[in-house]
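Shown next: input.csv, containing CSV, C-alpha atoms and all ligand atoms.
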chain,number,residue,atom,x,y,z
E,1,MET,CA,27.6,174.4,133.0
E,2,LYS,CA,25.7,171.7,131.1
E,3,LEU,CA,22.9,173.2,128.9
E,4,PRO,CA,19.4,171.7,129.1
E,5,ARG,CA,18.1,169.1,126.6
E,6,LYS,CA,14.7,168.6,128.2
E,7,ILE,CA,12.6,171.4,129.7
E,8,GLY,CA,9.7,171.0,132.0
E,9,ILE,CA,6.9,173.6,132.1
E,10,LEU,CA,4.4,174.3,134.8
E,11,THR,CA,1.9,177.0,135.8
E,12,SER,CA,1.4,177.7,139.5
E,13,GLY,CA,-0.6,180.0,141.7
E,14,GLY,CA,-3.7,181.9,140.4
E,15,ASP,CA,-4.4,181.3,136.7
E,16,ALA,CA,-4.1,184.3,134.4
E,17,PRO,CA,-5.2,184.9,130.8
E,18,GLY,CA,-2.1,184.4,128.5
E,19,MET,CA,-0.6,181.5,130.5
E,20,ASN,CA,-1.6,179.1,127.6
E,21,ALA,CA,0.2,181.5,125.1
E,22,ALA,CA,3.3,181.4,127.3
E,23,ILE,CA,3.3,177.6,127.5
E,24,ARG,CA,2.9,177.5,123.7
E,25,ALA,CA,5.8,179.8,123.3
E,26,VAL,CA,8.1,177.8,125.6
E,27,VAL,CA,7.2,174.5,123.9
E,28,ARG,CA,7.7,175.9,120.4
E,29,ALA,CA,10.9,177.7,121.2
E,30,SER,CA,12.2,174.3,122.7
E,31,THR,CA,11.2,172.5,119.5
E,32,TYR,CA,12.9,175.3,117.4
E,33,TYR,CA,16.2,174.6,119.3
E,34,ASN,CA,15.8,170.8,119.1
E,35,LEU,CA,15.0,170.5,122.8
E,36,GLU,CA,12.4,168.2,124.3
E,37,SER,CA,9.6,169.7,126.4
E,38,VAL,CA,7.4,168.2,129.1
E,39,GLY,CA,4.2,169.6,130.6
E,40,ILE,CA,3.8,169.3,134.3
E,41,TYR,CA,0.2,169.3,135.5
E,42,ARG,CA,-1.2,171.3,138.5
E,43,GLY,CA,2.0,173.3,139.2
E,44,PHE,CA,4.3,172.0,142.0
E,45,GLU,CA,1.6,169.5,143.0
E,46,GLY,CA,2.1,167.6,139.7
E,47,LEU,CA,5.8,167.9,140.1
E,48,ILE,CA,5.6,166.1,143.4
E,49,GLU,CA,3.2,163.5,142.0
E,50,GLY,CA,5.1,163.0,138.7
E,51,ASP,CA,2.0,164.1,136.7
E,52,PHE,CA,3.9,164.7,133.4
E,53,LYS,CA,3.1,164.6,129.7
E,54,ASP,CA,5.5,165.0,126.8
E,55,LEU,CA,4.6,168.0,124.6
E,56,ASP,CA,5.6,168.9,121.1
E,57,ALA,CA,4.8,171.9,118.8
E,58,ARG,CA,1.5,170.4,117.8
E,59,SER,CA,0.3,169.6,121.4
E,60,VAL,CA,0.0,173.4,121.9
E,61,LYS,CA,-2.1,174.2,118.9
E,62,ASN,CA,-5.3,176.2,119.2
E,63,ILE,CA,-4.5,177.5,122.7
E,64,ILE,CA,-3.0,181.0,122.1
E,65,ASN,CA,-6.6,182.4,122.3
E,66,ARG,CA,-7.7,180.4,125.4
E,67,GLY,CA,-7.9,181.8,128.9
E,68,GLY,CA,-6.9,179.7,132.0
E,69,THR,CA,-4.1,177.2,131.7
E,70,PHE,CA,-4.4,173.8,130.0
E,71,LEU,CA,-1.7,172.5,132.3
E,72,LYS,CA,-3.9,173.5,135.3
E,73,THR,CA,-2.6,175.2,138.3
E,74,ALA,CA,-2.5,174.9,142.1
E,75,ARG,CA,-1.2,176.6,145.2
E,76,SER,CA,0.9,173.7,146.6
E,77,LYS,CA,1.3,173.3,150.3
E,78,ASP,CA,3.4,170.2,149.9
E,79,PHE,CA,6.1,172.0,147.9
E,80,MET,CA,6.7,174.1,151.1
E,81,THR,CA,8.0,171.0,152.8
E,82,VAL,CA,11.5,169.5,152.4
E,83,GLU,CA,10.0,166.0,151.7
E,84,GLY,CA,7.7,167.5,149.0
E,85,ARG,CA,10.6,169.2,147.2
E,86,LYS,CA,12.7,166.0,147.5
E,87,LYS,CA,10.0,164.0,145.8
E,88,ALA,CA,9.7,166.7,143.1
E,89,PHE,CA,13.5,166.5,142.4
E,90,ASP,CA,13.4,162.7,142.2
E,91,ASN,CA,10.6,162.9,139.7
E,92,LEU,CA,12.5,165.4,137.5
E,93,LYS,CA,15.6,163.1,137.5
E,94,LYS,CA,13.5,160.0,136.7
E,95,ALA,CA,12.0,161.9,133.7
E,96,ASN,CA,15.4,163.2,132.6
E,97,ILE,CA,14.1,166.8,132.8
E,98,ASP,CA,17.1,169.1,133.3
E,99,ALA,CA,15.6,172.5,133.5
E,100,LEU,CA,12.2,174.1,134.4
E,101,VAL,CA,10.2,177.1,133.3
E,102,VAL,CA,7.7,178.1,136.0
E,103,ILE,CA,4.9,180.5,135.2
E,104,GLY,CA,3.2,182.3,138.2
E,105,GLY,CA,3.5,185.0,140.8
E,106,ASP,CA,5.8,185.7,143.8
E,107,GLY,CA,4.8,182.5,145.7
E,108,THR,CA,5.9,180.5,142.6
E,109,PHE,CA,9.2,182.2,142.4
E,110,ALA,CA,9.8,182.0,146.1
E,111,GLY,CA,9.3,178.2,146.0
E,112,ALA,CA,11.5,177.9,142.9
E,113,SER,CA,14.3,179.8,144.6
E,114,VAL,CA,14.3,177.4,147.6
E,115,PHE,CA,14.3,174.5,145.2
E,116,ILE,CA,17.3,175.9,143.2
E,117,LYS,CA,19.3,176.4,146.4
E,118,GLU,CA,18.6,172.9,147.6
E,119,PHE,CA,19.1,170.9,144.4
E,120,ASN,CA,21.1,173.3,142.2
E,121,PHE,CA,18.4,172.7,139.5
E,122,PRO,CA,18.1,175.3,136.7
E,123,ILE,CA,14.8,177.2,136.8
E,124,VAL,CA,13.6,180.3,134.9
E,125,GLY,CA,10.3,182.0,135.7
E,126,LEU,CA,7.7,184.0,133.8
E,127,PRO,CA,5.4,186.5,135.6
E,128,GLY,CA,1.9,185.2,135.2
E,129,THR,CA,-0.6,187.0,137.4
E,130,ILE,CA,-3.5,189.5,136.9
E,131,ASP,CA,-2.2,191.5,139.9
E,132,ASN,CA,0.9,193.0,138.2
E,133,ASP,CA,2.6,193.0,141.6
E,134,ILE,CA,5.9,191.6,140.5
E,135,ASN,CA,9.1,193.6,140.5
E,136,GLY,CA,11.5,193.5,137.5
E,137,THR,CA,8.8,193.7,134.8
E,138,ASP,CA,6.5,196.5,133.7
E,139,TYR,CA,3.7,194.1,133.0
E,140,SER,CA,2.8,190.5,134.1
E,141,ILE,CA,0.9,188.1,131.8
E,142,GLY,CA,-2.9,188.4,132.3
E,143,TYR,CA,-2.9,191.9,133.7
E,144,ASP,CA,-3.9,193.7,130.5
E,145,THR,CA,-6.8,191.3,129.9
E,146,ALA,CA,-8.0,191.7,133.5
E,147,LEU,CA,-8.0,195.5,133.1
E,148,ASN,CA,-10.1,195.2,129.9
E,149,THR,CA,-12.5,192.9,131.7
E,150,VAL,CA,-12.9,195.3,134.6
E,151,VAL,CA,-13.4,198.3,132.3
E,152,GLU,CA,-16.0,196.5,130.3
E,153,ALA,CA,-17.9,195.5,133.4
E,154,ILE,CA,-17.8,199.0,134.9
E,155,ASP,CA,-19.0,200.5,131.6
E,156,LYS,CA,-22.1,198.3,132.0
E,157,ILE,CA,-22.5,199.2,135.7
E,158,ARG,CA,-22.3,202.9,134.7
E,159,ASP,CA,-25.5,202.6,132.6
E,160,THR,CA,-27.4,201.5,135.7
E,161,ALA,CA,-25.6,204.0,138.0
E,162,ASN,CA,-26.5,206.8,135.6
E,163,SER,CA,-30.1,205.7,135.0
E,164,HIS,CA,-30.9,205.4,138.8
E,165,ASN,CA,-28.7,208.3,140.0
E,166,ARG,CA,-26.8,205.8,142.2
E,167,LEU,CA,-23.4,205.4,143.7
E,168,PHE,CA,-21.7,202.0,142.9
E,169,LEU,CA,-18.9,200.5,144.9
E,170,VAL,CA,-17.1,198.1,142.6
E,171,GLU,CA,-14.6,195.7,144.2
E,172,VAL,CA,-11.8,194.5,142.0
E,173,MET,CA,-9.0,191.9,142.7
E,174,GLY,CA,-5.6,192.8,144.1
E,175,ARG,CA,-4.9,191.4,147.6
E,176,ASP,CA,-1.8,193.6,148.1
E,177,ALA,CA,-1.6,195.6,144.9
E,178,GLY,CA,-3.7,198.4,143.6
E,179,ASP,CA,-2.6,198.3,140.0
E,180,ILE,CA,-5.9,196.8,138.7
E,181,ALA,CA,-8.0,199.3,140.7
E,182,LEU,CA,-5.9,202.3,139.7
E,183,ASN,CA,-5.6,201.7,136.0
E,184,ALA,CA,-9.1,200.3,135.4
E,185,GLY,CA,-10.5,203.1,137.6
E,186,ILE,CA,-8.9,205.7,135.4
E,187,GLY,CA,-10.0,203.8,132.3
E,188,ALA,CA,-13.6,203.5,133.5
E,189,GLY,CA,-13.8,207.1,134.8
E,190,ALA,CA,-14.2,206.3,138.5
E,191,GLU,CA,-14.8,209.2,141.0
E,192,GLU,CA,-12.6,207.6,143.6
E,193,ILE,CA,-10.1,204.7,143.6
E,194,LEU,CA,-9.2,202.9,146.8
E,195,ILE,CA,-6.0,200.9,146.9
E,196,PRO,CA,-4.0,199.0,149.5
E,197,GLU,CA,-0.9,201.1,149.0
E,198,GLN,CA,-2.7,204.3,150.2
E,199,ASN,CA,-5.1,204.5,153.1
E,200,MET,CA,-7.6,207.2,152.2
E,201,GLY,CA,-9.7,207.0,155.4
E,202,ARG,CA,-13.5,206.8,155.5
E,203,GLU,CA,-13.9,210.5,156.3
E,204,ARG,CA,-12.0,211.7,153.3
E,205,LEU,CA,-14.0,209.4,151.1
E,206,LEU,CA,-17.2,211.0,152.5
E,207,GLU,CA,-15.8,214.5,151.9
E,208,SER,CA,-14.9,213.6,148.4
E,209,LEU,CA,-18.4,212.1,147.6
E,210,SER,CA,-20.0,215.1,149.2
E,211,ARG,CA,-18.0,217.4,146.9
E,212,SER,CA,-19.0,215.3,143.9
E,213,LYS,CA,-22.7,215.7,144.6
E,214,LYS,CA,-22.3,219.5,145.1
E,215,SER,CA,-20.4,219.8,141.8
E,216,GLY,CA,-23.5,218.4,140.0
E,217,LYS,CA,-22.6,214.7,139.6
E,218,THR,CA,-25.7,212.6,139.7
E,219,SER,CA,-24.1,209.2,139.8
E,220,SER,CA,-20.7,207.9,140.9
E,221,ILE,CA,-18.4,204.9,140.6
E,222,VAL,CA,-15.9,204.1,143.3
E,223,VAL,CA,-13.4,201.3,142.4
E,224,ILE,CA,-12.0,199.5,145.4
E,225,SER,CA,-9.1,197.1,145.5
E,226,GLU,CA,-10.0,194.0,147.6
E,227,GLY,CA,-6.9,194.6,149.8
E,228,ASP,CA,-7.8,198.2,150.6
E,229,GLN,CA,-7.9,199.1,154.3
E,230,ILE,CA,-11.3,200.8,154.3
E,231,GLY,CA,-12.8,198.8,151.5
E,232,LYS,CA,-12.0,195.4,153.1
E,233,ASN,CA,-15.6,194.9,154.0
E,234,ILE,CA,-17.3,196.6,151.1
E,235,PHE,CA,-20.8,196.0,152.3
E,236,GLN,CA,-20.1,197.7,155.6
E,237,LEU,CA,-18.6,200.6,153.8
E,238,ALA,CA,-21.7,200.9,151.6
E,239,LYS,CA,-23.8,201.0,154.8
E,240,TYR,CA,-21.5,203.6,156.3
E,241,ILE,CA,-21.8,205.9,153.3
E,242,GLU,CA,-25.7,205.6,153.2
E,243,GLU,CA,-25.9,206.4,156.9
E,244,ASN,CA,-23.6,209.5,156.6
E,245,LEU,CA,-24.6,210.8,153.2
E,246,LYS,CA,-28.4,210.5,153.0
E,247,GLU,CA,-28.4,211.9,149.4
E,248,TYR,CA,-26.7,208.7,148.2
E,249,GLU,CA,-28.3,205.4,147.2
E,250,VAL,CA,-25.5,202.9,147.2
E,251,ARG,CA,-25.1,199.5,145.5
E,252,VAL,CA,-22.2,197.1,145.6
E,253,THR,CA,-20.7,194.9,142.8
E,254,VAL,CA,-17.9,192.4,143.6
E,255,LEU,CA,-16.4,191.5,140.2
E,256,GLY,CA,-14.5,188.5,141.6
E,257,HIS,CA,-13.1,185.7,139.4
E,258,ILE,CA,-14.5,186.9,136.1
E,259,GLN,CA,-11.4,189.1,136.2
E,260,ARG,CA,-9.2,186.0,135.9
E,261,GLY,CA,-11.0,184.3,133.0
E,262,GLY,CA,-11.6,184.9,129.3
E,263,ALA,CA,-9.6,185.1,126.1
E,264,PRO,CA,-6.3,186.9,126.5
E,265,SER,CA,-6.0,190.4,124.9
E,266,CYS,CA,-3.6,190.8,122.0
E,267,TYR,CA,-1.2,192.5,124.3
E,268,ASP,CA,-1.1,189.6,126.7
E,269,ARG,CA,-0.7,187.1,123.8
E,270,VAL,CA,2.3,189.0,122.4
E,271,LEU,CA,3.8,189.5,125.9
E,272,ALA,CA,3.4,185.8,126.8
E,273,SER,CA,5.0,184.8,123.4
E,274,ARG,CA,8.0,187.1,123.8
E,275,LEU,CA,8.6,186.0,127.4
E,276,GLY,CA,8.1,182.3,126.6
E,277,VAL,CA,10.8,182.5,123.9
E,278,GLY,CA,12.9,184.6,126.3
E,279,ALA,CA,12.8,181.9,128.9
E,280,VAL,CA,14.2,179.3,126.6
E,281,ASP,CA,16.8,181.7,125.3
E,282,ALA,CA,17.8,182.4,129.0
E,283,LEU,CA,18.1,178.7,129.8
E,284,LEU,CA,20.3,178.2,126.8
E,285,ARG,CA,22.5,181.1,127.9
E,286,GLY,CA,23.0,179.1,131.1
E,287,GLU,CA,20.8,181.4,133.2
E,288,THR,CA,19.0,180.2,136.3
E,289,ASN,CA,17.2,181.6,139.3
E,290,VAL,CA,15.9,184.5,137.2
E,291,MET,CA,12.5,185.8,136.0
E,292,ILE,CA,12.1,187.0,132.4
E,293,GLY,CA,10.2,190.2,132.3
E,294,ILE,CA,9.7,193.2,130.1
E,295,ILE,CA,11.1,196.6,130.9
E,296,HIS,CA,10.7,199.6,128.6
E,297,ASN,CA,9.5,197.1,126.0
E,298,ARG,CA,12.7,195.1,126.2
E,299,VAL,CA,12.8,191.4,127.3
E,300,THR,CA,15.1,191.3,130.3
E,301,SER,CA,16.0,188.9,133.1
E,302,VAL,CA,16.1,189.7,136.8
E,303,PRO,CA,17.1,187.5,139.8
E,304,PHE,CA,14.1,185.9,141.5
E,305,SER,CA,15.2,187.7,144.7
E,306,GLU,CA,14.6,191.1,142.9
E,307,ALA,CA,11.2,189.9,141.4
E,308,ILE,CA,9.7,189.0,144.8
E,309,LYS,CA,11.3,191.8,146.8
E,310,GLY,CA,9.4,194.2,148.9
E,311,SER,CA,6.0,195.8,148.5
E,312,ASN,CA,4.2,196.9,145.4
E,313,GLU,CA,5.1,200.4,144.2
E,314,ILE,CA,2.4,202.5,142.8
E,315,ASP,CA,3.1,205.2,140.2
E,316,GLU,CA,2.4,208.5,141.9
E,317,GLU,CA,1.7,210.1,138.5
E,318,LEU,CA,-1.3,207.8,138.0
E,319,ILE,CA,-2.7,208.9,141.4
E,320,ARG,CA,-2.4,212.5,140.4
E,321,VAL,CA,-4.0,211.9,137.0
E,322,ALA,CA,-6.9,210.1,138.7
E,323,ASP,CA,-7.4,213.0,141.1
E,324,ILE,CA,-7.4,215.6,138.4
E,325,ILE,CA,-9.7,213.9,135.9
E,326,SER,CA,-12.3,212.9,138.5
E,327,ILE,CA,-13.0,216.6,139.5
R,401,LIG,O1,-3.1,186.6,142.8
R,401,LIG,C1,-4.2,186.7,141.9
R,401,LIG,C2,-5.5,186.8,142.7
R,401,LIG,O2,-6.6,186.8,141.7
R,401,LIG,C3,-5.7,187.9,143.7
R,401,LIG,O3,-6.0,189.1,143.0
R,401,LIG,C4,-6.7,187.4,144.6
R,401,LIG,O4,-6.6,188.0,145.8
R,401,LIG,C5,-6.4,185.9,144.7
R,401,LIG,O5,-5.7,185.6,143.5
R,401,LIG,C6,-7.6,185.0,144.8
R,401,LIG,O6,-7.1,183.7,144.9
R,401,LIG,P1,-8.0,182.4,144.8
R,401,LIG,O7,-8.5,182.3,143.4
R,401,LIG,O8,-7.1,181.3,145.2
R,401,LIG,O9,-9.2,182.6,145.8
Once more with this new file: its structure as structure tokens, please.
Amino acid sequence: MKLPRKIGILTSGGDAPGMNAAIRAVVRASTYYNLESVGIYRGFEGLIEGDFKDLDARSVKNIINRGGTFLKTARSKDFMTVEGRKKAFDNLKKANIDALVVIGGDGTFAGASVFIKEFNFPIVGLPGTIDNDINGTDYSIGYDTALNTVVEAIDKIRDTANSHNRLFLVEVMGRDAGDIALNAGIGAGAEEILIPEQNMGRERLLESLSRSKKSGKTSSIVVISEGDQIGKNIFQLAKYIEENLKEYEVRVTVLGHIQRGGAPSCYDRVLASRLGVGAVDALLRGETNVMIGIIHNRVTSVPFSEAIKGSNEIDEELIRVADIISI
């Protein structure tokens, strides 16, 4: 197999803090190995439109500390079509790009997998999503920063909850995954944590809140993943609690996209740097159709099919800890 001489890099799907650090690492590792690198703007959209720019070690200066992605990102509908992917392939050939590093989530890897099958084009992926819902890696780039953002926000909400003796329902991101809710919930001392992987049921939530009141708690925080069954309409849930537990005054905070922005944490910068170098190493070993992740603090590669497989698994031990410490 011919090893790559010119590597294209793109970010796709939802942005995540640390994507810039990952791009920087890929570009610098390429330079280190005397390979050329090309930035592709707006993910697969830019690939289809040929929106490319040559990069070198200096083009990625002063970005390790910046949130978002300077290459911009998109959720491309055109890349789901055969015509779109054919255009993308033609543009890669025209620009002499012979391998790709794609940074994103499961949608990105699914698209990349189809492309590899159709055109036998080498692609390596990096997990970049705040949701941490990718198999084959303990952490995805952006997750740690998002957790810190959520905990910081809930710490502030707690001041008001405590001053007014209120119950706050705080909605966090995670369409299909409860990792943010569970970990930030533990870190911020939440009374209850509602996640998509486990349907608690409205009645059990009422029972638990009722017990909290009786045990002497004056204020409470409930953290709810946006994908949770009973929390899907958080305002309705707030109304339901107020109607059934008259002793509670309830307020709702939806944290939304502040969770995706901001300077990456040190952990995310280091993770992104390790994975970025790992991606170039993998391409130079002749690997393709794999995601570079971190397992037990070791950089590893897993097939895309593994990375995007099945539903998110939640650590039962964390659920147990959350139950015990919220007593
Ligand atoms: O996948 C990351 C994520 O932030 C999810 O947690 C959330 O459901 C979704 O993206 C929101 O997507 P968008 O920014 O396109 O509305």
* Quote the spacing between CA of Gly128 in chain E and CA of Met80 in chain E in Å to one decimal place. =>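 CA of Met80 in chain E lies 20.0 Å from CA of Gly128 in chain E.
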* Would you mind listing the residues within 12 Å of ligand LIG 401 (chain R), counting only C-alpha atoms and all ligand atoms, as an NGL selection string? => :E and (12-17 or 68 or 73-76 or 104-108 or 127-134 or 140-143 or 146-147 or 171-181 or 196 or 225-228 or 232 or 255-261)
* To do: Name all residues at most 8 Å from range 265-279 of chain E (count all atoms listed in the file; drop same-chain ones fewer than 2 positions away) and give them as JSON, numbers by chain.
  => {"E": [17, 18, 19, 21, 22, 23, 24, 25, 26, 29, 64, 65, 101, 124, 125, 126, 141, 142, 143, 144, 145, 263, 281, 282, 283, 292, 293, 294, 299]}
Box dimensions and centre (Å, one decimal) enclosing range 261-275 of chain E, axis-aligned, 6 Å extra per side, as AutoDock Vina command-line options:
--center_x -1.5 --center_y 188.4 --center_z 127.5 --size_x 32.2 --size_y 20.2 --size_z 23.0
Write out as an mmCIF file with C-alpha atoms, in the frame of the given file which residues come within 10 Å of Lys87 in chain E when counting only C-alpha atoms, dropping same-chain ones fewer than 2 positions away.
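Printed below is around25.cif as written:
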data_model
loop_
_atom_site.group_PDB
_atom_site.id
_atom_site.type_symbol
_atom_site.label_atom_id
_atom_site.label_comp_id
_atom_site.auth_asym_id
_atom_site.auth_seq_id
_atom_site.Cartn_x
_atom_site.Cartn_y
_atom_site.Cartn_z
ATOM 1 C CA LEU E 47 5.800 167.900 140.100
ATOM 2 C CA ILE E 48 5.600 166.100 143.400
ATOM 3 C CA GLU E 49 3.200 163.500 142.000
ATOM 4 C CA GLY E 50 5.100 163.000 138.700
ATOM 5 C CA ASP E 78 3.400 170.200 149.900
ATOM 6 C CA PHE E 79 6.100 172.000 147.900
ATOM 7 C CA VAL E 82 11.500 169.500 152.400
ATOM 8 C CA GLU E 83 10.000 166.000 151.700
ATOM 9 C CA GLY E 84 7.700 167.500 149.000
ATOM 10 C CA ARG E 85 10.600 169.200 147.200
ATOM 11 C CA PHE E 89 13.500 166.500 142.400
ATOM 12 C CA ASP E 90 13.400 162.700 142.200
ATOM 13 C CA ASN E 91 10.600 162.900 139.700
ATOM 14 C CA LEU E 92 12.500 165.400 137.500
#
* **Atom-to-atom span, CA of Phe44 in chain E and CA of Asp98 in chain E, Å** =>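 Taking CA of Phe44 in chain E and CA of Asp98 in chain E, their separation equals 15.7 Å.
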* Distance query Ser163 in chain E at most 12 Å, all atoms listed in the file, self and fewer than 6 positions along chain excluded, as a PyMOL selection string -> chain E and resi 156-157+218-220
* To do: Would you mind telling me which residue in E:Ile327, E:Arg66, E:Tyr32, E:Glu249 lies nearest to Gly216 in chain E when using only C-alpha atoms?
  =>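 Counting only C-alpha atoms, the residue closest to Gly216 in chain E is E:Ile327.
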Would you mind listing, for every residue of range 155-223 of chain E within 8 Å of range 316-324 of chain E, the two atoms forming the shortest contact and the distance between them in Å to one decimal, using all atoms listed in the file, sorted by chain and ascending residue number, as a Markdown table?
| residue | atom | partner | partner_atom | distance |
| --- | --- | --- | --- | --- |
| E:Leu182 | CA | E:Leu318 | CA | 7.4 |
| E:Asn183 | CA | E:Leu318 | CA | 7.7 |
| E:Gly185 | CA | E:Ala322 | CA | 7.9 |
| E:Ile186 | CA | E:Ala322 | CA | 5.9 |
| E:Glu192 | CA | E:Asp323 | CA | 7.9 |
| E:Ile193 | CA | E:Ala322 | CA | 8.0 |
* **Pick from E:Val280, E:Phe168, E:Phe70, E:Val252 nearest to Tyr33 in chain E, counting all atoms listed in the file** =>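 For Tyr33 in chain E, the nearest of the candidates is E:Val280.
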* For CA of Asp54 in chain E and CA of Ala95 in chain E, determine how far apart the two atoms are, in Å to one decimal place. =>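 Spanning CA of Asp54 in chain E to CA of Ala95 in chain E is a straight-line distance of 10.0 Å.
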* Asked: With all atoms listed in the file as the atoms that count, which of E:Ile241, E:Ala88, E:Ile97, E:Val102 lies nearest to Arg204 in chain E?
  ->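 Looking only at the distances to Arg204 in chain E, the closest residue turns out to be E:Ile241.
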Just the residues within 7 Å of Gly39 in chain E, please, counting all atoms listed in the file, with nothing from its chain fewer than 5 positions along; format it as a PDB file with C-alpha atoms, in the frame of the given file.
ATOM      1  CA  GLY E   8       9.700 171.000 132.000  1.00  0.00           C
ATOM      2  CA  ILE E   9       6.900 173.600 132.100  1.00  0.00           C
ATOM      3  CA  LEU E  10       4.400 174.300 134.800  1.00  0.00           C
ATOM      4  CA  PHE E  52       3.900 164.700 133.400  1.00  0.00           C
ATOM      5  CA  LYS E  53       3.100 164.600 129.700  1.00  0.00           C
ATOM      6  CA  ASP E  54       5.500 165.000 126.800  1.00  0.00           C
ATOM      7  CA  LEU E  55       4.600 168.000 124.600  1.00  0.00           C
ATOM      8  CA  LEU E  71      -1.700 172.500 132.300  1.00  0.00           C
TER       9      LEU E  71
END
* To do: For Ile295 in chain E, please output as a PyMOL selection string all residues within 8 Å (counting only C-alpha atoms; exclusion window: fewer than 6 positions along the same chain).
  => chain E and resi 136-138
Please produce a file of those selected residues containing C-alpha atoms, as a compact mmCIF listing (two decimals), in the coordinates of the input.
# COMPACT_ATOMS: atom_id res chain seq x y z
CA GLY E 136 11.50 193.50 137.50
CA THR E 137 8.80 193.70 134.80
CA ASP E 138 6.50 196.50 133.70
* Asked: Using only C-alpha atoms, which of the listed residues (E:Val151, E:Ile103, E:Val290, E:Ile195) sits closest to Thr69 in chain E?
  ->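 Distance minimum relative to Thr69 in chain E lands on E:Ile103.
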* Pick out the closest residue to Asn34 in chain E from this set: E:Gln198, E:Asn135, E:Leu284, E:Leu100. Count only C-alpha atoms. => E:Leu284
* To do: For each of E:Arg42, E:Lys94, E:Phe304, E:Leu245, take the minimum atom-to-atom distance to Glu207 in chain E, counting only C-alpha atoms, then give the residue where this is smallest.
  => E:Leu245
Neighbours of point (5.2, 169.6, 119.3) within 9 Å, using all atoms listed in the file, written as a PDB file with C-alpha atoms, in the coordinates of the input:
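Result file follows (point00.pdb):
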ATOM      1  CA  VAL E  27       7.200 174.500 123.900  1.00  0.00           C
ATOM      2  CA  ARG E  28       7.700 175.900 120.400  1.00  0.00           C
ATOM      3  CA  THR E  31      11.200 172.500 119.500  1.00  0.00           C
ATOM      4  CA  GLU E  36      12.400 168.200 124.300  1.00  0.00           C
ATOM      5  CA  SER E  37       9.600 169.700 126.400  1.00  0.00           C
ATOM      6  CA  ASP E  54       5.500 165.000 126.800  1.00  0.00           C
ATOM      7  CA  LEU E  55       4.600 168.000 124.600  1.00  0.00           C
ATOM      8  CA  ASP E  56       5.600 168.900 121.100  1.00  0.00           C
ATOM      9  CA  ALA E  57       4.800 171.900 118.800  1.00  0.00           C
ATOM     10  CA  ARG E  58       1.500 170.400 117.800  1.00  0.00           C
ATOM     11  CA  SER E  59       0.300 169.600 121.400  1.00  0.00           C
ATOM     12  CA  VAL E  60       0.000 173.400 121.900  1.00  0.00           C
ATOM     13  CA  LYS E  61      -2.100 174.200 118.900  1.00  0.00           C
TER      14      LYS E  61
END
Since the input lacks some atoms of range 189-200 of chain E, please model N, CA and C atoms and print them as an mmCIF file, in the coordinates of the input.
data_model
loop_
_atom_site.group_PDB
_atom_site.id
_atom_site.type_symbol
_atom_site.label_atom_id
_atom_site.label_comp_id
_atom_site.auth_asym_id
_atom_site.auth_seq_id
_atom_site.Cartn_x
_atom_site.Cartn_y
_atom_site.Cartn_z
ATOM 1 N N GLY E 189 -13.304 205.782 134.302
ATOM 2 C CA GLY E 189 -13.800 207.100 134.800
ATOM 3 C C GLY E 189 -14.360 207.081 136.174
ATOM 4 N N ALA E 190 -13.687 206.385 137.092
ATOM 5 C CA ALA E 190 -14.200 206.300 138.500
ATOM 6 C C ALA E 190 -13.981 207.665 139.198
ATOM 7 N N GLU E 191 -14.888 207.944 140.152
ATOM 8 C CA GLU E 191 -14.800 209.200 141.000
ATOM 9 C C GLU E 191 -13.671 209.034 141.989
ATOM 10 N N GLU E 192 -13.608 207.868 142.609
ATOM 11 C CA GLU E 192 -12.600 207.600 143.600
ATOM 12 C C GLU E 192 -12.036 206.209 143.382
ATOM 13 N N ILE E 193 -10.753 206.024 143.754
ATOM 14 C CA ILE E 193 -10.100 204.700 143.600
ATOM 15 C C ILE E 193 -9.407 204.418 144.920
ATOM 16 N N LEU E 194 -9.766 203.292 145.523
ATOM 17 C CA LEU E 194 -9.200 202.900 146.800
ATOM 18 C C LEU E 194 -8.226 201.766 146.661
ATOM 19 N N ILE E 195 -6.982 201.968 147.074
ATOM 20 C CA ILE E 195 -6.000 200.900 146.900
ATOM 21 C C ILE E 195 -5.221 200.600 148.166
ATOM 22 N N PRO E 196 -4.674 199.388 148.272
ATOM 23 C CA PRO E 196 -4.000 199.000 149.500
ATOM 24 C C PRO E 196 -2.772 199.829 149.846
ATOM 25 N N GLU E 197 -2.124 200.390 148.821
ATOM 26 C CA GLU E 197 -0.900 201.100 149.000
ATOM 27 C C GLU E 197 -1.111 202.491 149.695
ATOM 28 N N GLN E 198 -2.371 202.922 149.773
ATOM 29 C CA GLN E 198 -2.700 204.300 150.200
ATOM 30 C C GLN E 198 -3.962 204.227 151.043
ATOM 31 N N ASN E 199 -3.874 204.544 152.334
ATOM 32 C CA ASN E 199 -5.100 204.500 153.100
ATOM 33 C C ASN E 199 -5.798 205.860 153.098
ATOM 34 N N MET E 200 -6.901 205.920 152.392
ATOM 35 C CA MET E 200 -7.600 207.200 152.200
ATOM 36 C C MET E 200 -8.341 207.622 153.468
#
